[in-house]
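Visitor: The structure is given below, and queries will be raised subsequently.
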Amino acid sequence: MVDRPAPLQAQDKLAFLLALVPYLMDHGRVSVAEAAAHFRVKPEALRRAVRLIAVSGVPGATSSYQHGDLFDIAWDDFEDNDQIVLTHMVAIDDSPRFSAREAAALIAGLQYLSALPENIDRDAIGALMAKLARGSSASPTQVAVSGSDSDEMLGRIRQAVEAGRRVEFDYRTSRGDSERRRVDPLRIESVDQDWYVRGWDAGRGAVRTFRLDRMSDLAVTDDAIVRHPGDVALPDALFEPSDEDLTVRIEVAEAALPLLGDYLTEDAPTRPSATRPGWIETSLRVAHFHGLKRLAAGMPGVLTVLEPEAARDAVAEWAAAGAARYRTL
């Protein structure tokens, strides 16, 4: 039995015409047979649609149709070679477009996603990047996002989670200590640009959270995990307070307060700032001042460390060291 294209119903014709123009724009040059097979219509129906497009357009300032107000095709190619090439388009270019900077940012993000091991459909991502480049208001800046060791490590940990295998790695804590850990990986999560592994730490007999960029010398063992996701309770908050945490008093813009959700405890006191309208004074708990420095750097202009003095000094010295490096470049 031959699978013949079904005739278009009346309600489908408009949708067909609306889809045909973007298709022809994306392909540049396409044969009637190829386009007909794509839309599952007969070649003659496709030819009629192309001829209709060629007499469609938007009336100009005179409220009448002039030559430049209509779509146009390469008629010789169409009549002699059965090839479709749009040579003039109207109204399409009036639609909102990404700026060159917006397109470059999106392309950079897609390049990063294509580098992750789990995104195997790189052809689809590549096609989307090409469409973004063609559809922007100007040529986007050429960008390149290279992979990193963390990307490879993330892929290996994902495989360990899926296979239910224990992992071993050297871990550098926020205090600068390093030791070998044996962990049953249970969940992978991200906060902003950082990735975290949550799992059962065999050495400590408890659930722990590990930041990916502090892990090194990762090994996926042949040992099956002992604790499974259903065996332990993973708290909703990524970071759990500890008795060893340091308490820091801060001022933060009220609009930015939700960004501190993982650092604030339920009983953290909050009150309006006495000196800054629209700001909140509160306390947060951090494992080490190194983490506080990263937090403050990620919230410039909306967070101020008040006390203890050692915390203020740590943040100020770290910021000054960063600024000094820029001056030497």
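In the structure tokens, chains take letters A, B, ... by order of appearance, with residues numbered from 1 within each chain and ligands from 1 in the order shown.
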Need to verify the contact set: range 20-31 of chain A, 10 Å, only C-alpha atoms, exclusion of same-chain residues closer than 2 positions in sequence. Can you return it as a ChimeraX atom specification?

Guide: /A:14-18,33-39,43,46,49-50,53,71,74,77-78,81-87,89,92,130-131,134-135

Visitor: Take CA of Gly278 in chain A and CA of Pro258 in chain A and report the distance between them in Å, one decimal.

Guide: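 Spanning CA of Gly278 in chain A to CA of Pro258 in chain A is a straight-line distance of 14.1 Å.
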
Visitor: For a quick check of understanding, using only C-alpha atoms, which of A:Leu218, A:Val41, A:Ala105, A:Leu246 has the smallest distance to Gly291 in chain A?

Guide: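 Looking only at the distances to Gly291 in chain A, the closest residue turns out to be A:Leu246.
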
Visitor: Work out how far apart CA of Arg312 in chain A and CA of Arg271 in chain A are and give it in Å to one decimal.

Guide: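 Interatomic distance, CA of Arg312 in chain A to CA of Arg271 in chain A: 20.4 Å.
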